[in-house]
Amino acid sequence: MPRNTSINSVLIIGSGPIVIGQACEFDYSGSQAALSLKEEGIEVSIINSNPATIMTDKVIADHVYLLPLTCESIEKILQERRIDAVLPTMGGQTALNLCIEADERGLWKKYNVQVIGVDVAAIEKTENREEFRKLMVDIGVGIAKSKIANSFLEGKEAAQEIGFPLVIRPSYTLGGTGGGFVHKKEDFEAALSRGLQASPTHEVLVEQAVLGWKEFELELLRDNNDNVIIICTIENFDPMGIHTGDSITVAPGMTLSDRCYQQMRNQAIQMMRAIGNFAGGCNVQFSVNPENEEIIAIEINPRVSRSSALASKATGYPIAKIASKLAIGYNLDEIENQITKTTSAYFEPTLDYVIVKVPRWNFAKFKGANRELGLQMKSVGEVMAIGRTFIEALQKACQSLETGRHGLGADGKQLRNLEEIMHSLEHPSSDRIFHIKDAFELGVPLESIRKATHIDKWFLLQIQELVHLEAELRRYQLNNIPRDFFLALKQKGYSDVQIAWLLGNVTEDDVYHRRTELGIRRVYKMVDTCAAEFPAQTPYYYSTFEEETESVVSDRKKIIVLGSGPNRIGQGIEFDYSCVHGLLAAKEAGFESIMINCNPETVSTDFNMADKLYFEPVYWEHVREIIALEKPEGVIVQLGGQTALKMAEKLEANGIKIIGTSFKDMDLAEDRGRFSDLLKSLDIPYPKYGVAESAEEALKVANEVGYPVLVRPSYVLGGERMSIVINDEELEKAVVKLLRNLPGNRVLIDHFLDRAEEAESDSICDGEDVHIIGMMEHIEPAGIHSGDSSAVLPPFSLPENVQRQMEQYTIKLAKALKVKGLLNIQFAIKDEKVYVIEANPRASRTVPFIAKAYDVPYINIATKIMLGVNKLKDFNIERKLTGYAIKVPVFSFDKFPDVDKQLGPEMKSTGEAIRFIKDLDDPFFREMYAKKSMYLSK
């Protein structure tokens with residue numbers, strides 16, 4: 001059936017600010033859907049309140065509404081613009097819930113808007129736990145024993161009937177919020193109260209707990225002809241009991257029998273057909289008893305999900321893009337296969353490689369948090385790695401995490417306390433995967449590890465094999481390792497750093513040079529979705545160690561953009577926004593743009609965003625070999641946050657050109673001590689400071705500069721490990737802890753300007769001229785991390801002479817640091833005197849906010865300046881903001897109810913929203929300003 005020609009204008013509902021449980025995977029799916037609909041000549045409008053995403057950019061949609069996600073905002077759009085259809089399946093739970101609310105208020109009917117991509121009735125069937133249970137019974141699909149409860153009494157009765165252990169699942173919540181396991185009767189009442197309060201409908205499902213069972217997810221697509229295909233089968237490495245967002249996952253499934261897989265396929269298709277008559281995407285979760293392969297359904301989500309983004313990147317099949325075309329009437333056999341360009345989209349991908357997803361946690365930001373994983377999601381991001389085998393992909397994923405690990409162990413960071421290891425295996429947290437390996441190294445039997453973890457024996461055998469390989473390696477020296485054994489180690493995912501550590505007395509470079517002498521180099525394979533059965537046209541690659549490479553190097557001038565790796569607090573989606581604009585600008589400037597990144601949730605890792613995508617760890621060993629192969633004109637590190645910036649020194653040392661500001665000048669700004677010396681030479685005020693390498697030195701410095709003091713290491717991200725202390729005792733504890741966790745790092749001690757205001761500027765410099773793209777006044781005072789502070793653009797109460805000082809210091813610093821590209825500066829203001837706190841010569845989290853507020857493509861402009869193809873004078877920059885824009889941080893404290901919610905120098909927010917106000921009489925602003933007055937008067 002050809003597309004529905006009555007649909008000429010579509011509204012896509014976004015997911016709002018990034019929170020734990022709903023992250024940038026919906027930025028990816030929404031962006032892909034918008035571009036897909038625009039290909040069909042459809043006018044696309046987007047509503048989303050998140051300024052940090054590429055989804056809310058003019059390059060994605062025809063009309064962007066940066067408005068709160070409310071029915072009032074929806075109605076405003078429907079009054080202003082002729083909308084034929086709404087697509088609510090690309091914005092996670094937030095979009096679905098808003099779609100239901102708008103339907104209940106009669107908005108879609110009132111404005112004659114079709115709901116496409118899902119049936120509203122299907123949402124009710126899947127989100128209402130009792131309706132879902134009844135449906136599964138009706139169609140003969142197995143489910144866990146359960147009862148619905150709308151009151152405390154009903155919940156207690158259900159528990160008595162089912163027996164312990166139990167699961168409590170609140171209806172209509174996100175990321176497992178409010179849910180959890182109850183093992184003992186004594187804990188039930190508190191857990192039931194939490195669940196009922198978390199549910200917007202005051203409803204929970206009390207369910208039999210199938211602890212230790214295996215968990216699987218299937219991603220499906222269905223068209224108007226009722227054709228259903230399975231895009232990807234994902235197996236959870238961790239058993240039931242851990243939220244899938246917190247679980248290591250593997251595709252394709254590794255431990256499924258063919259009989260069980262076929263049953264699961266049939267049931268998934270049956271479930272999708274039973275929930276409603278609609279065309280689009282769907283995610284189904286199953287649990288399998290490892291003893292007898294009994295299958296039960298856990299849930300079905302009639303929308304794209306976190307796993308949809310993963311499945312898309314794993315297979316190369318663009319689920320959101322195809323789902324949006326199905327939503328407007330096309331059938332699968334009418335849509336072009338995006339990979340081969342010669343066959344249709346009516347096929348199921350076949351993988352000749354393995355992908356592994358590992359979540360990324362930020363427990364350090366939530367001091368006192370319960371780190372044990374369960375039904376409530378706690379991770380803030382994830383990485384994906386591709387390899388020929390499970391173990392190669394797992395080791396690459398560990399290298400991608402940015403936690404200082406160089407693979408699965410073999411890096412000097414092993415745990416050696418058996419009691420601690422066994423506790424970790426039984427009480428899973430972020431390090432359990434490493435502790436499984438540690439247990440094997442200490443000689444713990446495989447069966448003991450399996451009983452403690454309930455992880456399938458096949459996965460454990462793969463990890464155990466690494467221990468045997470390492471014992472074999474220790475018999476050799478670098479110069480006598482047999483080539484075949486060396487190759488086998490690399491094929492198992494071992495990094496050069498790991499091999500150097502295992503051998504002892506050699507360096508990473510020694511290992512690299514020796515293996516290249518032996519002809520052991522990475523080759524690059526194409527992600528082609530069809531196991532090379534048909535020729536693929538997509539330039540989308542992963543590395544492994546074989547004979548033949550599939551990455552053909554062109555003779556064009558190339559630019560590599562280094563991505564920002566996994567999302568975490570302090571480095572989020574705003575850097576992926578920057579990377580996407582960098583890629584687009586490089587293309588426009590005539591370069592072949594090459595992306596290196598390992599985050600499956602992001603737009604930068606979409607296979608059609610760059611001219612060439614390497615889905616690889618942003619890790620030195622991988623980056624250096626891609627550079628050696630591609631021989632680019634240079635590498636852009638300014639756009640990928642601290643991840644990319646940290647690689648600048650190695651790029652410089654290896655003679656690789658850094659595009660934009662030089663490493664020497666970036667390093668000057670990052671080294672807090674040397675930077676303060678620069679400020680002194682420029683006659684720019686800064687808080688008194690000193691540098692210490694021990695607790696004794698720190699005490700001396702603190703007494704010289706005067707308490708209170710801000711204690712921080714050099715080279716930090718998101719205020720990590722910063723603290724404000726008021727006496728010698730607190731200082732000594734802070735410094736000892738910091739040096740223990742970051743050995744060899746210097747500690748910077750600044751006098752803390754109490755009750756000072758904070759502001760910041762972002763600017764672009766081309767080496768000669770400086771353009772200040774925005775100055776923002778913070779609501780919260782100095783001492784609260786800028787990422788956790790509400791910021792108002794332009795400043796609303798800073799006197800003219802203060803703003804003039806900020807402008808002067810910005811221009812001075814941009815020129816002194818020889819900035820070519822972007823510069824962010826943080827200021828503290830006390831008694832109308834402006835002090836510079838820090839400067840970051842790179843993209844900041846505020847640039848996307850300013851770009852959206854002023855409607856100017858600042859990253860695109862900055863990239864062209866970095867590339868040397870334009871000067872500032874070439875651009876006619878016109879700002880369009882009327883009134884004020886406010887950046888409002890959003891937190892995910894609901895995931896960690898027991899943690900300290902007090903804001904300070906270490907960033908804790910997970911996302912942000914934007915609010916526009918016409919004037920300072922706006923009630924939203926007046927409430928914020930009252931807060932600022934209160935802070936400054938304390």
# chains A, B, ... in the order shown; residues from 1 in each chain; ligands from 1
call {"tool": "residues_around", "arguments": {"residues": "region 252-255 of chain A", "least_positions_apart": "3", "cutoff": "8 Å", "atoms": "only C-alpha atoms", "output": "ChimeraX atom specification"}}
result
/A:216,232-235,351,354-355,456,458
call {"tool": "select_by_dssp", "arguments": {"residues": "region 412-548 of chain A", "states": "strand (DSSP E or B)", "output": "ChimeraX atom specification"}}
result
/A:523-526,530,540-544
call {"tool": "closest_residue", "arguments": {"among": "A:Ala653, A:Ile386, A:Leu473, A:Ala61", "to": "Trp501 (chain A)", "atoms": "only C-alpha atoms"}}
result
A:Leu473
call {"tool": "residues_around", "arguments": {"residues": "Gly281 (chain A)", "least_positions_apart": "2", "cutoff": "7 Å", "atoms": "only C-alpha atoms", "output": "PyMOL selection string"}}
result
chain A and resi 220-222+302-304+323
call {"tool": "write_last_selection", "arguments": {"atoms": "C-alpha atoms", "output": "JSON list (two decimals), in the first residue's frame"}}
result
[["chain", "number", "residue", "atom", "x", "y", "z"],
["A", 220, "LEU", "CA", 9.77, -6.17, 15.92],
["A", 221, "LEU", "CA", 8.30, -4.18, 13.04],
["A", 222, "ARG", "CA", 4.81, -4.60, 11.64],
["A", 302, "PRO", "CA", 4.36, -0.48, 21.40],
["A", 303, "ARG", "CA", 7.02, 2.15, 20.68],
["A", 304, "VAL", "CA", 10.71, 2.45, 20.03],
["A", 323, "ALA", "CA", 8.81, 2.54, 11.61]]
call {"tool": "residues_around", "arguments": {"residues": "Met928 (chain A)", "least_positions_apart": "4", "cutoff": "9 Å", "atoms": "only C-alpha atoms", "output": "VMD selection string"}}
result
chain A and resid 779 790 923 to 924 932 to 933
call {"tool": "write_last_selection", "arguments": {"atoms": "N, CA, C and O atoms", "output": "CSV table (one decimal), in the first residue's frame"}}
result
chain,number,residue,atom,x,y,z
A,779,ILE,N,21.3,31.5,38.5
A,779,ILE,CA,20.4,31.7,39.6
A,779,ILE,C,21.1,31.3,40.9
A,779,ILE,O,21.1,32.0,41.9
A,790,SER,N,20.4,26.9,37.3
A,790,SER,CA,19.6,27.5,36.2
A,790,SER,C,20.4,28.7,35.7
A,790,SER,O,21.0,29.5,36.5
A,923,PRO,N,5.8,34.6,36.0
A,923,PRO,CA,5.7,34.0,37.3
A,923,PRO,C,6.8,32.9,37.5
A,923,PRO,O,7.4,32.8,38.6
A,924,PHE,N,7.1,32.2,36.4
A,924,PHE,CA,8.2,31.2,36.5
A,924,PHE,C,9.5,31.8,36.9
A,924,PHE,O,10.3,31.4,37.8
A,932,LYS,N,17.2,33.1,44.0
A,932,LYS,CA,18.5,33.8,43.9
A,932,LYS,C,18.8,34.7,45.1
A,932,LYS,O,19.8,34.7,45.7
A,933,SER,N,17.8,35.6,45.3
A,933,SER,CA,17.9,36.5,46.4
A,933,SER,C,18.1,35.8,47.7
A,933,SER,O,18.9,36.3,48.6
call {"tool": "residues_around", "arguments": {"residues": "Met272 (chain A)", "least_positions_apart": "3", "cutoff": "12 Å", "atoms": "only C-alpha atoms", "output": "ChimeraX atom specification"}}
result
/A:118-119,122-123,125-126,132,135-136,139,141,218-223,226-230,265-269,275-285,297,299-303
call {"tool": "atom_distance", "arguments": {"atom1": "CA of Gly404 (chain A)", "atom2": "CA of Glu693 (chain A)"}}
result
21.5 Å
call {"tool": "select_by_dssp", "arguments": {"residues": "region 70-199 of chain A", "states": "helix (DSSP H, G or I)", "output": "ChimeraX atom specification"}}
result
/A:71-80,92-104,107-110,120-127,129-139,152-162,185-198
call {"tool": "atom_distance", "arguments": {"atom1": "CA of Ser761 (chain A)", "atom2": "CA of Leu748 (chain A)"}}
result
22.9 Å
call {"tool": "atom_distance", "arguments": {"atom1": "CA of Glu101 (chain A)", "atom2": "CA of Val44 (chain A)"}}
result
21.7 Å
call {"tool": "closest_residue", "arguments": {"among": "A:Gly195, A:Gly634, A:Gly163, A:Pro795", "to": "Phe591 (chain A)", "atoms": "only C-alpha atoms"}}
result
A:Gly634
call {"tool": "residues_around", "arguments": {"residues": "Gln160 (chain A)", "least_positions_apart": "2", "cutoff": "12 Å", "atoms": "only C-alpha atoms", "output": "PyMOL selection string"}}
result
chain A and resi 146-147+153-158+162-166+184-185+188+206-208
call {"tool": "write_last_selection", "arguments": {"atoms": "all heavy atoms", "output": "short mmCIF file (atom, residue, chain, number, x, y, z; two decimals), in the first residue's frame"}}
result
data_model
loop_
_atom_site.label_atom_id
_atom_site.label_comp_id
_atom_site.auth_asym_id
_atom_site.auth_seq_id
_atom_site.Cartn_x
_atom_site.Cartn_y
_atom_site.Cartn_z
N SER A 146 0.33 -13.36 39.07
CA SER A 146 0.29 -11.97 39.51
C SER A 146 -1.13 -11.53 39.85
O SER A 146 -2.11 -12.17 39.47
CB SER A 146 0.85 -11.05 38.41
OG SER A 146 0.01 -11.11 37.27
N LYS A 147 -1.21 -10.40 40.57
CA LYS A 147 -2.50 -9.77 40.87
C LYS A 147 -2.30 -8.26 40.89
O LYS A 147 -1.25 -7.76 41.31
CB LYS A 147 -3.04 -10.22 42.23
CG LYS A 147 -3.63 -11.62 42.24
CD LYS A 147 -4.57 -11.84 43.42
CE LYS A 147 -5.92 -11.21 43.18
NZ LYS A 147 -6.89 -11.55 44.25
N LEU A 153 -4.49 -2.65 51.09
CA LEU A 153 -5.12 -3.90 51.49
C LEU A 153 -5.09 -4.92 50.35
O LEU A 153 -4.76 -6.09 50.56
CB LEU A 153 -6.57 -3.64 51.92
CG LEU A 153 -7.37 -4.88 52.38
CD1 LEU A 153 -6.70 -5.54 53.57
CD2 LEU A 153 -8.81 -4.48 52.71
N GLU A 154 -5.41 -4.46 49.11
CA GLU A 154 -5.39 -5.37 47.96
C GLU A 154 -3.98 -5.92 47.73
O GLU A 154 -3.80 -7.09 47.37
CB GLU A 154 -5.88 -4.65 46.71
CG GLU A 154 -7.38 -4.40 46.69
CD GLU A 154 -7.82 -3.66 45.43
OE1 GLU A 154 -6.95 -3.35 44.57
OE2 GLU A 154 -9.02 -3.38 45.30
N GLY A 155 -2.98 -5.08 47.95
CA GLY A 155 -1.60 -5.52 47.78
C GLY A 155 -1.22 -6.59 48.77
O GLY A 155 -0.55 -7.59 48.42
N LYS A 156 -1.61 -6.43 50.01
CA LYS A 156 -1.29 -7.43 51.04
C LYS A 156 -1.99 -8.77 50.74
O LYS A 156 -1.41 -9.84 50.93
CB LYS A 156 -1.71 -6.90 52.41
CG LYS A 156 -0.84 -5.74 52.90
CD LYS A 156 -1.10 -5.39 54.34
CE LYS A 156 -0.49 -6.40 55.28
NZ LYS A 156 -0.54 -6.02 56.69
N GLU A 157 -3.23 -8.67 50.27
CA GLU A 157 -3.98 -9.89 49.93
C GLU A 157 -3.30 -10.62 48.77
O GLU A 157 -3.20 -11.86 48.75
CB GLU A 157 -5.42 -9.55 49.57
CG GLU A 157 -6.25 -9.13 50.78
CD GLU A 157 -7.64 -8.60 50.39
OE1 GLU A 157 -7.83 -8.31 49.18
OE2 GLU A 157 -8.49 -8.46 51.27
N ALA A 158 -2.82 -9.85 47.77
CA ALA A 158 -2.14 -10.45 46.61
C ALA A 158 -0.86 -11.16 47.06
O ALA A 158 -0.56 -12.27 46.60
CB ALA A 158 -1.82 -9.37 45.59
N ILE A 162 0.10 -15.15 46.45
CA ILE A 162 1.18 -15.56 45.53
C ILE A 162 2.38 -16.13 46.28
O ILE A 162 2.98 -17.11 45.85
CB ILE A 162 1.61 -14.36 44.64
CG1 ILE A 162 0.42 -13.92 43.78
CG2 ILE A 162 2.80 -14.73 43.77
CD1 ILE A 162 0.61 -12.57 43.13
N GLY A 163 2.73 -15.54 47.40
CA GLY A 163 3.89 -16.00 48.16
C GLY A 163 5.18 -15.31 47.73
O GLY A 163 5.27 -14.73 46.66
N PHE A 164 6.19 -15.38 48.60
CA PHE A 164 7.46 -14.69 48.36
C PHE A 164 8.47 -15.64 47.71
O PHE A 164 8.35 -16.86 47.87
CB PHE A 164 8.00 -14.16 49.70
CG PHE A 164 7.15 -13.08 50.29
CD1 PHE A 164 6.12 -13.38 51.18
CD2 PHE A 164 7.33 -11.75 49.93
CE1 PHE A 164 5.32 -12.40 51.72
CE2 PHE A 164 6.54 -10.75 50.46
CZ PHE A 164 5.52 -11.07 51.37
N PRO A 165 9.47 -15.09 46.96
CA PRO A 165 9.74 -13.68 46.67
C PRO A 165 8.77 -13.10 45.64
O PRO A 165 8.23 -13.84 44.81
CB PRO A 165 11.17 -13.70 46.12
CG PRO A 165 11.32 -15.07 45.52
CD PRO A 165 10.49 -15.98 46.37
N LEU A 166 8.62 -11.78 45.69
CA LEU A 166 7.66 -11.07 44.84
C LEU A 166 8.34 -9.93 44.10
O LEU A 166 9.40 -9.44 44.50
CB LEU A 166 6.54 -10.46 45.69
CG LEU A 166 5.54 -11.40 46.36
CD1 LEU A 166 4.71 -10.63 47.36
CD2 LEU A 166 4.64 -12.02 45.30
N LYS A 184 11.38 -10.83 51.64
CA LYS A 184 10.85 -11.22 52.94
C LYS A 184 9.57 -10.46 53.26
O LYS A 184 9.40 -9.30 52.87
CB LYS A 184 11.90 -10.92 54.03
CG LYS A 184 13.19 -11.72 53.90
CD LYS A 184 14.18 -11.37 54.99
CE LYS A 184 14.70 -9.94 54.82
NZ LYS A 184 15.75 -9.59 55.79
N LYS A 185 8.70 -11.12 54.01
CA LYS A 185 7.41 -10.55 54.39
C LYS A 185 7.58 -9.22 55.13
O LYS A 185 6.80 -8.28 54.93
CB LYS A 185 6.68 -11.56 55.29
CG LYS A 185 5.25 -11.20 55.61
CD LYS A 185 4.61 -12.31 56.44
CE LYS A 185 3.16 -11.96 56.78
NZ LYS A 185 2.53 -13.02 57.59
N PHE A 188 7.69 -6.05 52.91
CA PHE A 188 6.66 -5.89 51.89
C PHE A 188 5.90 -4.57 52.00
O PHE A 188 5.65 -3.89 51.01
CB PHE A 188 5.67 -7.06 51.93
CG PHE A 188 4.59 -6.95 50.89
CD1 PHE A 188 4.88 -7.15 49.54
CD2 PHE A 188 3.28 -6.64 51.25
CE1 PHE A 188 3.89 -7.03 48.58
CE2 PHE A 188 2.29 -6.52 50.29
CZ PHE A 188 2.60 -6.72 48.95
N VAL A 206 1.44 -6.98 41.66
CA VAL A 206 2.19 -7.83 42.59
C VAL A 206 2.39 -9.16 41.88
O VAL A 206 1.41 -9.84 41.54
CB VAL A 206 1.42 -8.01 43.91
CG1 VAL A 206 2.23 -8.87 44.88
CG2 VAL A 206 1.12 -6.64 44.55
N GLU A 207 3.65 -9.52 41.64
CA GLU A 207 3.94 -10.62 40.71
C GLU A 207 4.95 -11.60 41.30
O GLU A 207 5.85 -11.21 42.05
CB GLU A 207 4.50 -10.00 39.43
CG GLU A 207 4.75 -10.96 38.30
CD GLU A 207 5.28 -10.21 37.07
OE1 GLU A 207 6.48 -9.87 37.04
OE2 GLU A 207 4.48 -9.94 36.17
N GLN A 208 4.79 -12.85 40.93
CA GLN A 208 5.77 -13.89 41.27
C GLN A 208 7.14 -13.49 40.74
O GLN A 208 7.27 -13.03 39.60
CB GLN A 208 5.30 -15.20 40.63
CG GLN A 208 6.34 -16.29 40.55
CD GLN A 208 5.98 -17.36 39.52
OE1 GLN A 208 4.94 -17.26 38.84
NE2 GLN A 208 6.80 -18.36 39.39
#
call {"tool": "residues_around", "arguments": {"residues": "Trp361 (chain A)", "least_positions_apart": "3", "cutoff": "10 Å", "atoms": "only C-alpha atoms", "output": "compact mmCIF listing (two decimals) with N, CA, C and O atoms, in the first residue's frame"}}
result
# COMPACT_ATOMS: atom_id res chain seq x y z
N ASP A 246 20.15 -1.76 33.03
CA ASP A 246 21.34 -1.93 33.88
C ASP A 246 22.05 -3.24 33.60
O ASP A 246 23.01 -3.59 34.29
N VAL A 358 27.35 -2.56 27.42
CA VAL A 358 27.64 -2.50 28.85
C VAL A 358 27.17 -1.14 29.37
O VAL A 358 27.55 -0.10 28.81
N ALA A 364 29.41 7.54 41.89
CA ALA A 364 30.23 8.48 42.65
C ALA A 364 29.53 9.82 42.84
O ALA A 364 29.82 10.55 43.78
N LYS A 365 28.61 10.14 41.92
CA LYS A 365 27.87 11.40 42.02
C LYS A 365 26.74 11.32 43.05
O LYS A 365 26.17 12.34 43.42
N ARG A 371 24.10 0.85 45.76
CA ARG A 371 24.67 0.53 44.46
C ARG A 371 24.21 -0.81 43.91
O ARG A 371 24.55 -1.17 42.79
N LYS A 378 19.44 2.38 37.14
CA LYS A 378 20.33 3.33 37.78
C LYS A 378 21.46 3.82 36.87
O LYS A 378 22.16 4.77 37.22
N SER A 379 21.65 3.20 35.72
CA SER A 379 22.75 3.62 34.84
C SER A 379 22.40 4.91 34.12
O SER A 379 21.22 5.21 33.89
N VAL A 380 23.42 5.69 33.78
CA VAL A 380 23.22 6.98 33.12
C VAL A 380 23.57 6.94 31.63
O VAL A 380 23.31 7.90 30.90
N GLY A 381 24.16 5.86 31.18
CA GLY A 381 24.53 5.75 29.78
C GLY A 381 24.95 4.33 29.46
O GLY A 381 24.77 3.42 30.27
N GLU A 382 25.50 4.15 28.27
CA GLU A 382 25.93 2.80 27.87
C GLU A 382 26.92 2.89 26.72
O GLU A 382 26.98 3.90 26.02
N LEU A 401 34.32 2.21 28.32
CA LEU A 401 33.52 2.73 29.43
C LEU A 401 34.03 4.03 30.04
O LEU A 401 33.29 4.72 30.72
N THR A 403 36.25 4.29 32.46
CA THR A 403 36.36 4.11 33.91
C THR A 403 37.80 3.75 34.30
O THR A 403 38.05 3.29 35.40
N SER A 429 26.45 -5.11 41.28
CA SER A 429 26.60 -3.67 41.12
C SER A 429 27.41 -3.44 39.85
O SER A 429 27.58 -4.35 39.04
N SER A 430 27.93 -2.23 39.70
CA SER A 430 28.55 -1.85 38.43
C SER A 430 29.81 -2.65 38.11
O SER A 430 30.18 -2.77 36.94
N ASP A 431 30.49 -3.22 39.13
CA ASP A 431 31.77 -3.90 38.89
C ASP A 431 31.64 -5.41 38.82
O ASP A 431 32.66 -6.11 38.77
N PRO A 566 30.37 7.17 26.26
CA PRO A 566 29.09 6.97 26.95
C PRO A 566 28.61 8.24 27.65
O PRO A 566 29.42 9.01 28.15
N ASN A 567 27.31 8.42 27.71
CA ASN A 567 26.75 9.51 28.50
C ASN A 567 27.07 9.28 29.96
O ASN A 567 27.00 8.17 30.46
N ARG A 568 27.41 10.35 30.66
CA ARG A 568 27.50 10.30 32.11
C ARG A 568 27.28 11.71 32.63
O ARG A 568 27.26 12.67 31.87
N ILE A 569 27.09 11.82 33.93
CA ILE A 569 26.82 13.13 34.51
C ILE A 569 28.05 14.00 34.33
O ILE A 569 29.15 13.61 34.72
call {"tool": "closest_residue", "arguments": {"among": "A:Met90, A:Val834, A:Ile520, A:Leu881", "to": "Asp484 (chain A)", "atoms": "only C-alpha atoms"}}
result
A:Ile520
call {"tool": "closest_atom_pairs", "arguments": {"of": "region 538-646 of chain A", "to": "region 392-395 of chain A", "cutoff": "10 Å", "atoms": "only C-alpha atoms", "output": "Markdown table"}}
result
| residue | atom | partner | partner_atom | distance |
| --- | --- | --- | --- | --- |
| A:Ser543 | CA | A:Ala393 | CA | 10.0 |
| A:Thr544 | CA | A:Glu392 | CA | 8.3 |
| A:Phe545 | CA | A:Glu392 | CA | 10.0 |
call {"tool": "closest_atom_pairs", "arguments": {"of": "region 572-655 of chain A", "to": "region 818-822 of chain A", "cutoff": "12 Å", "atoms": "only C-alpha atoms", "output": "JSON lines"}}
result
{"residue": "A:Ser578", "atom": "CA", "partner": "A:Leu822", "partner_atom": "CA", "distance": 11.0}
{"residue": "A:Gly582", "atom": "CA", "partner": "A:Gly821", "partner_atom": "CA", "distance": 11.3}
{"residue": "A:Ile636", "atom": "CA", "partner": "A:Gly821", "partner_atom": "CA", "distance": 10.5}
{"residue": "A:Val637", "atom": "CA", "partner": "A:Gly821", "partner_atom": "CA", "distance": 10.9}
{"residue": "A:Gln638", "atom": "CA", "partner": "A:Leu822", "partner_atom": "CA", "distance": 7.6}
{"residue": "A:Leu639", "atom": "CA", "partner": "A:Leu822", "partner_atom": "CA", "distance": 9.0}
{"residue": "A:Gly641", "atom": "CA", "partner": "A:Leu822", "partner_atom": "CA", "distance": 11.8}
call {"tool": "write_last_selection", "arguments": {"atoms": "N, CA and C atoms", "output": "JSON list (two decimals), in the first residue's frame"}}
result
[["chain", "number", "residue", "atom", "x", "y", "z"],
["A", 578, "SER", "N", 27.10, 18.53, 19.40],
["A", 578, "SER", "CA", 28.24, 19.25, 18.84],
["A", 578, "SER", "C", 28.94, 18.42, 17.78],
["A", 582, "GLY", "N", 29.59, 19.16, 13.85],
["A", 582, "GLY", "CA", 30.96, 19.13, 13.34],
["A", 582, "GLY", "C", 31.06, 18.30, 12.08],
["A", 636, "ILE", "N", 39.46, 16.45, 15.10],
["A", 636, "ILE", "CA", 38.74, 17.44, 15.92],
["A", 636, "ILE", "C", 38.49, 16.84, 17.30],
["A", 637, "VAL", "N", 39.04, 17.49, 18.33],
["A", 637, "VAL", "CA", 38.84, 17.02, 19.71],
["A", 637, "VAL", "C", 37.98, 17.98, 20.52],
["A", 638, "GLN", "N", 37.69, 19.16, 19.97],
["A", 638, "GLN", "CA", 36.96, 20.18, 20.73],
["A", 638, "GLN", "C", 35.50, 19.85, 20.98],
["A", 639, "LEU", "N", 34.93, 18.92, 20.23],
["A", 639, "LEU", "CA", 33.48, 18.73, 20.25],
["A", 639, "LEU", "C", 33.04, 17.55, 21.10],
["A", 641, "GLY", "N", 33.79, 16.71, 24.27],
["A", 641, "GLY", "CA", 33.92, 16.81, 25.72],
["A", 641, "GLY", "C", 35.29, 16.37, 26.20]]
call {"tool": "closest_residue", "arguments": {"among": "A:Phe434, A:Tyr929, A:Asp576, A:His622", "to": "Asp496 (chain A)", "atoms": "only C-alpha atoms"}}
result
A:His622
call {"tool": "closest_residue", "arguments": {"among": "A:Val802, A:Ala251, A:Cys71, A:Ile726", "to": "Leu107 (chain A)", "atoms": "only C-alpha atoms"}}
result
A:Cys71
